[in-house]
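The file upload_33.csv contains CSV, C-alpha atoms:
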```csv
chain,number,residue,atom,x,y,z
P,3,LEU,CA,0.0,0.0,0.0
P,4,VAL,CA,1.0,3.6,-0.3
P,5,ALA,CA,0.1,6.0,2.5
P,6,LEU,CA,-0.7,9.6,1.6
P,7,PRO,CA,-2.3,12.6,3.2
P,8,GLU,CA,-6.0,12.6,2.5
P,9,SER,CA,-5.6,15.9,0.8
P,10,HIS,CA,-3.1,14.5,-1.7
P,11,PRO,CA,-4.4,14.6,-5.3
P,12,LEU,CA,-3.8,10.9,-5.7
P,13,ALA,CA,-5.8,10.1,-2.6
P,14,THR,CA,-9.0,10.1,-4.6
P,15,ARG,CA,-7.9,7.2,-6.7
P,16,PRO,CA,-9.0,3.7,-5.6
P,17,GLU,CA,-5.6,2.2,-6.8
P,18,ILE,CA,-2.3,3.8,-7.8
P,19,ASP,CA,0.4,2.7,-10.3
P,20,PHE,CA,3.9,3.1,-8.9
P,21,THR,CA,5.0,5.1,-11.9
P,22,ASP,CA,2.6,7.8,-10.7
P,23,LEU,CA,4.6,8.0,-7.5
P,24,MET,CA,8.1,8.2,-8.9
P,25,ASP,CA,8.4,12.0,-8.5
P,26,GLU,CA,6.7,12.2,-5.1
P,27,PRO,CA,8.8,12.9,-2.0
P,28,PHE,CA,9.0,9.7,0.0
P,29,LEU,CA,9.4,9.3,3.8
P,30,ALA,CA,12.5,7.2,4.3
P,31,LEU,CA,14.1,5.2,7.1
P,32,PRO,CA,17.6,6.5,8.1
P,33,SER,CA,20.4,5.5,5.9
P,34,SER,CA,21.6,3.1,8.6
P,35,ALA,CA,18.6,0.9,7.9
P,36,GLY,CA,20.4,-0.2,4.7
P,37,PRO,CA,18.4,-2.7,2.6
P,38,LEU,CA,15.3,-2.1,4.6
P,39,ARG,CA,15.4,1.6,3.6
P,40,ASP,CA,16.0,0.6,0.0
P,41,HIS,CA,13.0,-1.8,0.1
P,42,TRP,CA,10.5,0.8,1.3
P,43,LEU,CA,11.8,3.3,-1.2
P,44,ALA,CA,11.2,0.7,-3.9
P,45,LEU,CA,14.7,1.1,-5.4
P,46,GLU,CA,14.4,-2.0,-7.6
P,47,GLU,CA,11.3,-0.6,-9.3
P,48,ARG,CA,12.9,2.8,-10.0
P,49,GLY,CA,15.3,1.6,-12.6
P,50,GLY,CA,18.3,3.6,-11.3
P,51,ARG,CA,16.2,6.7,-10.8
P,52,PRO,CA,16.9,8.1,-7.3
P,53,PRO,CA,14.0,8.7,-4.9
P,54,ARG,CA,13.1,12.1,-3.6
P,55,VAL,CA,13.3,12.0,0.2
P,56,GLY,CA,10.9,14.4,1.8
P,57,ALA,CA,11.8,13.4,5.4
P,58,GLU,CA,13.5,10.7,7.4
P,59,ILE,CA,11.4,8.8,9.8
P,60,ALA,CA,12.3,6.2,12.5
P,61,GLY,CA,9.0,5.0,13.8
P,62,THR,CA,5.2,4.9,13.4
P,63,GLU,CA,4.5,8.2,15.2
P,64,GLU,CA,7.0,10.1,13.1
P,65,THR,CA,5.6,8.5,10.0
P,66,TYR,CA,2.1,9.6,10.8
P,67,GLU,CA,3.2,13.1,11.8
P,68,ALA,CA,5.2,13.5,8.5
P,69,LEU,CA,2.3,12.2,6.4
P,70,VAL,CA,-0.2,14.6,8.1
P,71,ALA,CA,2.3,17.5,7.6
P,72,GLY,CA,2.5,16.6,3.9
P,73,LEU,CA,6.3,16.0,4.0
P,74,GLY,CA,5.9,12.9,1.8
P,75,ILE,CA,4.3,9.6,1.1
P,76,CYS,CA,5.4,6.1,2.0
P,77,LEU,CA,4.9,2.5,1.2
P,78,VAL,CA,3.5,0.5,4.0
P,79,ALA,CA,2.7,-3.2,4.7
P,80,THR,CA,-1.0,-3.9,4.7
P,81,GLY,CA,-0.8,-5.1,8.3
P,82,ASN,CA,0.7,-1.8,9.4
P,83,ALA,CA,-1.8,0.5,7.7
P,84,PRO,CA,-4.1,0.8,10.7
P,85,LEU,CA,-1.2,2.3,12.7
P,86,ILE,CA,-1.0,5.3,10.4
P,87,THR,CA,-4.5,5.8,9.1
P,88,LEU,CA,-5.7,7.5,12.3
P,89,GLY,CA,-7.1,10.6,10.6
P,90,GLY,CA,-5.8,12.7,7.8
P,91,VAL,CA,-4.0,9.7,6.1
P,92,VAL,CA,-5.3,7.2,3.6
P,93,THR,CA,-3.8,4.1,2.1
P,94,ARG,CA,-4.3,2.8,-1.4
P,95,PRO,CA,-3.1,-0.4,-3.2
P,96,VAL,CA,-0.1,0.2,-5.5
P,97,HIS,CA,0.5,-1.7,-8.8
P,98,GLY,CA,3.9,-2.2,-10.3
P,99,LEU,CA,5.8,-3.2,-7.2
P,100,SER,CA,7.6,-6.5,-6.6
P,101,PRO,CA,6.1,-8.6,-3.8
P,102,SER,CA,7.8,-8.4,-0.5
P,103,ARG,CA,10.0,-11.3,0.7
P,104,TYR,CA,10.0,-12.4,4.3
P,105,ALA,CA,12.7,-14.4,5.9
P,106,LEU,CA,12.6,-15.8,9.4
P,107,ALA,CA,15.8,-17.0,11.1
P,108,TRP,CA,16.8,-18.0,14.6
P,109,ARG,CA,19.9,-19.3,16.4
P,110,ARG,CA,20.2,-23.0,16.4
P,111,GLU,CA,20.4,-23.1,20.2
P,112,ASP,CA,17.0,-21.3,20.4
P,113,ALA,CA,15.1,-23.7,18.2
P,114,HIS,CA,13.7,-25.5,21.3
P,115,ARG,CA,12.3,-22.3,22.9
P,116,PRO,CA,8.4,-22.3,22.9
P,117,LEU,CA,8.2,-18.7,21.7
P,118,VAL,CA,10.5,-19.3,18.8
P,119,ARG,CA,8.7,-22.4,17.8
P,120,ALA,CA,5.3,-20.7,18.1
P,121,TYR,CA,6.4,-17.7,16.1
P,122,SER,CA,7.8,-20.0,13.4
P,123,LYS,CA,4.6,-21.9,13.2
P,124,ALA,CA,2.4,-18.7,13.1
P,125,SER,CA,4.7,-17.4,10.3
P,126,ARG,CA,4.3,-20.5,8.2
P,127,GLN,CA,0.5,-20.5,8.7
P,128,ALA,CA,0.3,-16.8,7.8
P,129,THR,CA,2.3,-17.3,4.6
P,130,GLY,CA,0.7,-20.6,3.6
P,131,ARG,CA,4.1,-22.4,3.8
P,132,PRO,CA,4.3,-26.0,5.2
```
Output the file's structure as structure tokens, nothing else.
Amino acid sequence: LVALPESHPLATRPEIDFTDLMDEPFLALPSSAGPLRDHWLALEERGGRPPRVGAEIAGTEETYEALVAGLGICLVATGNAPLITLGGVVTRPVHGLSPSRYALAWRREDAHRPLVRAYSKASRQATGRP
């Protein structure tokens, strides 16, 4: 999904193509986030075209505040949308993005821990993996 201020011109569309977002300022994680920052800026889909960064954000509250202030837009996981659509912000499906990949790993010596096993099981069920 893409999160945008409800006053944004694209907010009236039911769905948005990523090419329509290329020139928009994006909210970005700090550079220290490395590949995670790159993922949420959709660098793969930009074909070498650098993103415009409207503001750096480091958490949900900062993201919401920056969205409401009109500092930029951001891509967001569907499950996180309720955290930032509190008022003044809308989310819309985006076409033209690669699907996200999720990896779960743990230390071998923690494999017996009930919480690790339960989280692993829940992750497999949520993704439909055996």
Would you list the contacts of Ser34 in chain P as number ranges by chain, taking every protein, DNA or RNA residue within 12 Å and counting all atoms listed in the file, but skipping same-chain residues closer than 3 positions in sequence?
P: 30-31, 37-40, 58-60
In Å, rounded to a single decimal, give me how far CA of His10 in chain P is from CA of Val91 in chain P.
9.2 Å
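Taking CA of Thr21 in chain P as the reference point, CA of Val96 in chain P is found at 9.5 Å.
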Give the answer as one residue: which of P:Val92, P:Leu99, P:Ala107, P:Ile18 has the shortest atom-to-atom distance to Leu6 in chain P, using only C-alpha atoms?
P:Val92
Each residue of range 76-110 of chain P with at least one atom at most 10 Å from range 114-120 of chain P should appear once, together with its nearest atom pair and the corresponding distance in Å (one decimal); atoms considered: all atoms listed in the file; ordering: chain, then increasing residue number; output as JSON lines.
```
{"residue": "P:Ala107", "atom": "CA", "partner": "P:Val118", "partner_atom": "CA", "distance": 9.6}
{"residue": "P:Trp108", "atom": "CA", "partner": "P:Val118", "partner_atom": "CA", "distance": 7.7}
{"residue": "P:Arg109", "atom": "CA", "partner": "P:Val118", "partner_atom": "CA", "distance": 9.7}
{"residue": "P:Arg110", "atom": "CA", "partner": "P:His114", "partner_atom": "CA", "distance": 8.5}
```
Counting only C-alpha atoms, which residues in range 50-71 of chain P sit no more than 12 Å from range 77-84 of chain P? For each one, give the nearest pair of atoms and the distance in Å, sorted by chain then residue number, as a tab-separated table.
```
residue	atom	partner	partner_atom	distance
P:Gly61	CA	P:Asn82	CA	11.6
P:Thr62	CA	P:Asn82	CA	9.0
P:Thr65	CA	P:Val78	CA	10.2
P:Tyr66	CA	P:Ala83	CA	10.4
P:Leu69	CA	P:Leu77	CA	11.3
```
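Across the model, the gap from CA of Arg94 in chain P to CA of Pro32 in chain P is 24.2 Å.
Checking P:Arg48, P:His41, P:His97, P:Arg131 one by one against Phe20 in chain P, counting all atoms listed in the file, you find the shortest gap at P:His97.
Among the candidates P:Leu88, P:Ala128, P:Met24, P:Leu106, the residue lying nearest to Gly74 in chain P is P:Met24 (atoms considered: all atoms listed in the file).
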Test item: residues at most 9 Å from Ser9 in chain P, only C-alpha atoms, excluding those fewer than 5 positions along its chain, as JSON, numbers by chain:
{"P": [14, 72, 90, 91]}
Name the closest residue to Leu73 in chain P among the candidates P:Ala44, P:Ala105, P:Ala5, P:Ala13; distances are taken between atoms, counting only C-alpha atoms.
P:Ala5
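Among P:Gly89, P:Gly130, P:Gly50, P:Gly56, the residue with the shortest atom-to-atom distance to Glu8 in chain P, counting only C-alpha atoms, is P:Gly89.
With all atoms listed in the file as the atoms that count, the residue of P:Glu17, P:Glu63, P:Asp25, P:Glu46 with the shortest distance to Thr93 in chain P is P:Glu17.
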How about completing range 107-118 of chain P with all heavy atoms and giving it to me as an mmCIF file, keeping the file's coordinate frame?
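The result, stored in out-v2.cif:
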```cif
data_model
loop_
_atom_site.group_PDB
_atom_site.id
_atom_site.type_symbol
_atom_site.label_atom_id
_atom_site.label_comp_id
_atom_site.auth_asym_id
_atom_site.auth_seq_id
_atom_site.Cartn_x
_atom_site.Cartn_y
_atom_site.Cartn_z
ATOM 1 N N ALA P 107 14.625 -16.230 10.685
ATOM 2 C CA ALA P 107 15.800 -17.000 11.100
ATOM 3 C C ALA P 107 15.920 -16.946 12.607
ATOM 4 O O ALA P 107 15.460 -15.994 13.231
ATOM 5 C CB ALA P 107 17.053 -16.505 10.420
ATOM 6 N N TRP P 108 16.550 -17.969 13.172
ATOM 7 C CA TRP P 108 16.800 -18.000 14.600
ATOM 8 C C TRP P 108 18.098 -18.767 14.836
ATOM 9 O O TRP P 108 18.541 -19.523 13.986
ATOM 10 C CB TRP P 108 15.664 -18.539 15.409
ATOM 11 C CG TRP P 108 15.232 -19.913 14.977
ATOM 12 C CD1 TRP P 108 15.730 -21.110 15.401
ATOM 13 C CD2 TRP P 108 14.231 -20.232 14.019
ATOM 14 N NE1 TRP P 108 15.106 -22.156 14.777
ATOM 15 C CE2 TRP P 108 14.169 -21.639 13.914
ATOM 16 C CE3 TRP P 108 13.372 -19.462 13.228
ATOM 17 C CZ2 TRP P 108 13.300 -22.293 13.057
ATOM 18 C CZ3 TRP P 108 12.500 -20.130 12.385
ATOM 19 C CH2 TRP P 108 12.470 -21.514 12.307
ATOM 20 N N ARG P 109 18.670 -18.538 16.002
ATOM 21 C CA ARG P 109 19.900 -19.300 16.400
ATOM 22 C C ARG P 109 19.537 -20.722 16.625
ATOM 23 O O ARG P 109 18.502 -21.032 17.221
ATOM 24 C CB ARG P 109 20.538 -18.652 17.586
ATOM 25 C CG ARG P 109 21.016 -17.232 17.351
ATOM 26 C CD ARG P 109 21.618 -16.662 18.584
ATOM 27 N NE ARG P 109 20.635 -16.751 19.678
ATOM 28 C CZ ARG P 109 20.649 -15.996 20.747
ATOM 29 N NH1 ARG P 109 21.570 -15.079 20.882
ATOM 30 N NH2 ARG P 109 19.757 -16.131 21.688
ATOM 31 N N ARG P 110 20.399 -21.610 16.200
ATOM 32 C CA ARG P 110 20.200 -23.000 16.400
ATOM 33 C C ARG P 110 19.868 -23.404 17.817
ATOM 34 O O ARG P 110 18.973 -24.185 18.101
ATOM 35 C CB ARG P 110 21.419 -23.809 15.876
ATOM 36 C CG ARG P 110 21.261 -25.305 15.862
ATOM 37 C CD ARG P 110 22.539 -26.026 15.423
ATOM 38 N NE ARG P 110 23.360 -25.245 14.517
ATOM 39 C CZ ARG P 110 23.491 -25.495 13.216
ATOM 40 N NH1 ARG P 110 22.911 -26.517 12.669
ATOM 41 N NH2 ARG P 110 24.239 -24.728 12.464
ATOM 42 N N GLU P 111 20.594 -22.786 18.747
ATOM 43 C CA GLU P 111 20.400 -23.100 20.200
ATOM 44 C C GLU P 111 19.048 -22.620 20.710
ATOM 45 O O GLU P 111 18.635 -23.018 21.788
ATOM 46 C CB GLU P 111 21.550 -22.604 21.024
ATOM 47 C CG GLU P 111 21.740 -21.104 20.991
ATOM 48 C CD GLU P 111 22.720 -20.626 19.926
ATOM 49 O OE1 GLU P 111 23.011 -21.372 18.967
ATOM 50 O OE2 GLU P 111 23.182 -19.481 20.039
ATOM 51 N N ASP P 112 18.338 -21.768 19.945
ATOM 52 C CA ASP P 112 17.000 -21.300 20.400
ATOM 53 C C ASP P 112 15.866 -22.045 19.770
ATOM 54 O O ASP P 112 14.703 -21.761 20.076
ATOM 55 C CB ASP P 112 16.878 -19.792 20.033
ATOM 56 C CG ASP P 112 17.764 -18.915 20.889
ATOM 57 O OD1 ASP P 112 18.150 -19.350 21.991
ATOM 58 O OD2 ASP P 112 18.075 -17.784 20.452
ATOM 59 N N ALA P 113 16.150 -23.014 18.925
ATOM 60 C CA ALA P 113 15.100 -23.700 18.200
ATOM 61 C C ALA P 113 14.132 -24.461 19.152
ATOM 62 O O ALA P 113 12.980 -24.705 18.791
ATOM 63 C CB ALA P 113 15.702 -24.736 17.232
ATOM 64 N N HIS P 114 14.560 -24.780 20.337
ATOM 65 C CA HIS P 114 13.700 -25.500 21.300
ATOM 66 C C HIS P 114 12.794 -24.570 22.097
ATOM 67 O O HIS P 114 11.851 -25.023 22.736
ATOM 68 C CB HIS P 114 14.567 -26.322 22.255
ATOM 69 C CG HIS P 114 15.300 -25.459 23.233
ATOM 70 N ND1 HIS P 114 16.428 -24.751 22.873
ATOM 71 C CD2 HIS P 114 15.044 -25.159 24.532
ATOM 72 C CE1 HIS P 114 16.843 -24.056 23.932
ATOM 73 N NE2 HIS P 114 16.018 -24.298 24.946
ATOM 74 N N ARG P 115 13.040 -23.277 22.072
ATOM 75 C CA ARG P 115 12.300 -22.300 22.900
ATOM 76 C C ARG P 115 10.827 -22.242 22.387
ATOM 77 O O ARG P 115 10.578 -22.085 21.188
ATOM 78 C CB ARG P 115 12.922 -20.959 22.850
ATOM 79 C CG ARG P 115 14.324 -20.979 23.487
ATOM 80 C CD ARG P 115 15.002 -19.665 23.418
ATOM 81 N NE ARG P 115 14.241 -18.678 24.182
ATOM 82 C CZ ARG P 115 14.445 -17.372 24.079
ATOM 83 N NH1 ARG P 115 15.362 -16.902 23.263
ATOM 84 N NH2 ARG P 115 13.734 -16.545 24.799
ATOM 85 N N PRO P 116 9.852 -22.331 23.296
ATOM 86 C CA PRO P 116 8.400 -22.300 22.900
ATOM 87 C C PRO P 116 8.043 -21.069 22.086
ATOM 88 O O PRO P 116 7.293 -21.178 21.122
ATOM 89 C CB PRO P 116 7.687 -22.363 24.230
ATOM 90 C CG PRO P 116 8.650 -22.979 25.181
ATOM 91 C CD PRO P 116 10.016 -22.543 24.729
ATOM 92 N N LEU P 117 8.548 -19.913 22.460
ATOM 93 C CA LEU P 117 8.200 -18.700 21.700
ATOM 94 C C LEU P 117 8.721 -18.711 20.311
ATOM 95 O O LEU P 117 8.024 -18.328 19.363
ATOM 96 C CB LEU P 117 8.695 -17.461 22.491
ATOM 97 C CG LEU P 117 8.256 -16.108 21.938
ATOM 98 C CD1 LEU P 117 6.739 -16.000 21.889
ATOM 99 C CD2 LEU P 117 8.828 -14.991 22.785
ATOM 100 N N VAL P 118 9.950 -19.190 20.137
ATOM 101 C CA VAL P 118 10.500 -19.300 18.800
ATOM 102 C C VAL P 118 9.741 -20.269 17.955
ATOM 103 O O VAL P 118 9.410 -19.997 16.800
ATOM 104 C CB VAL P 118 12.030 -19.695 18.883
ATOM 105 C CG1 VAL P 118 12.599 -20.006 17.507
ATOM 106 C CG2 VAL P 118 12.841 -18.600 19.569
#
```
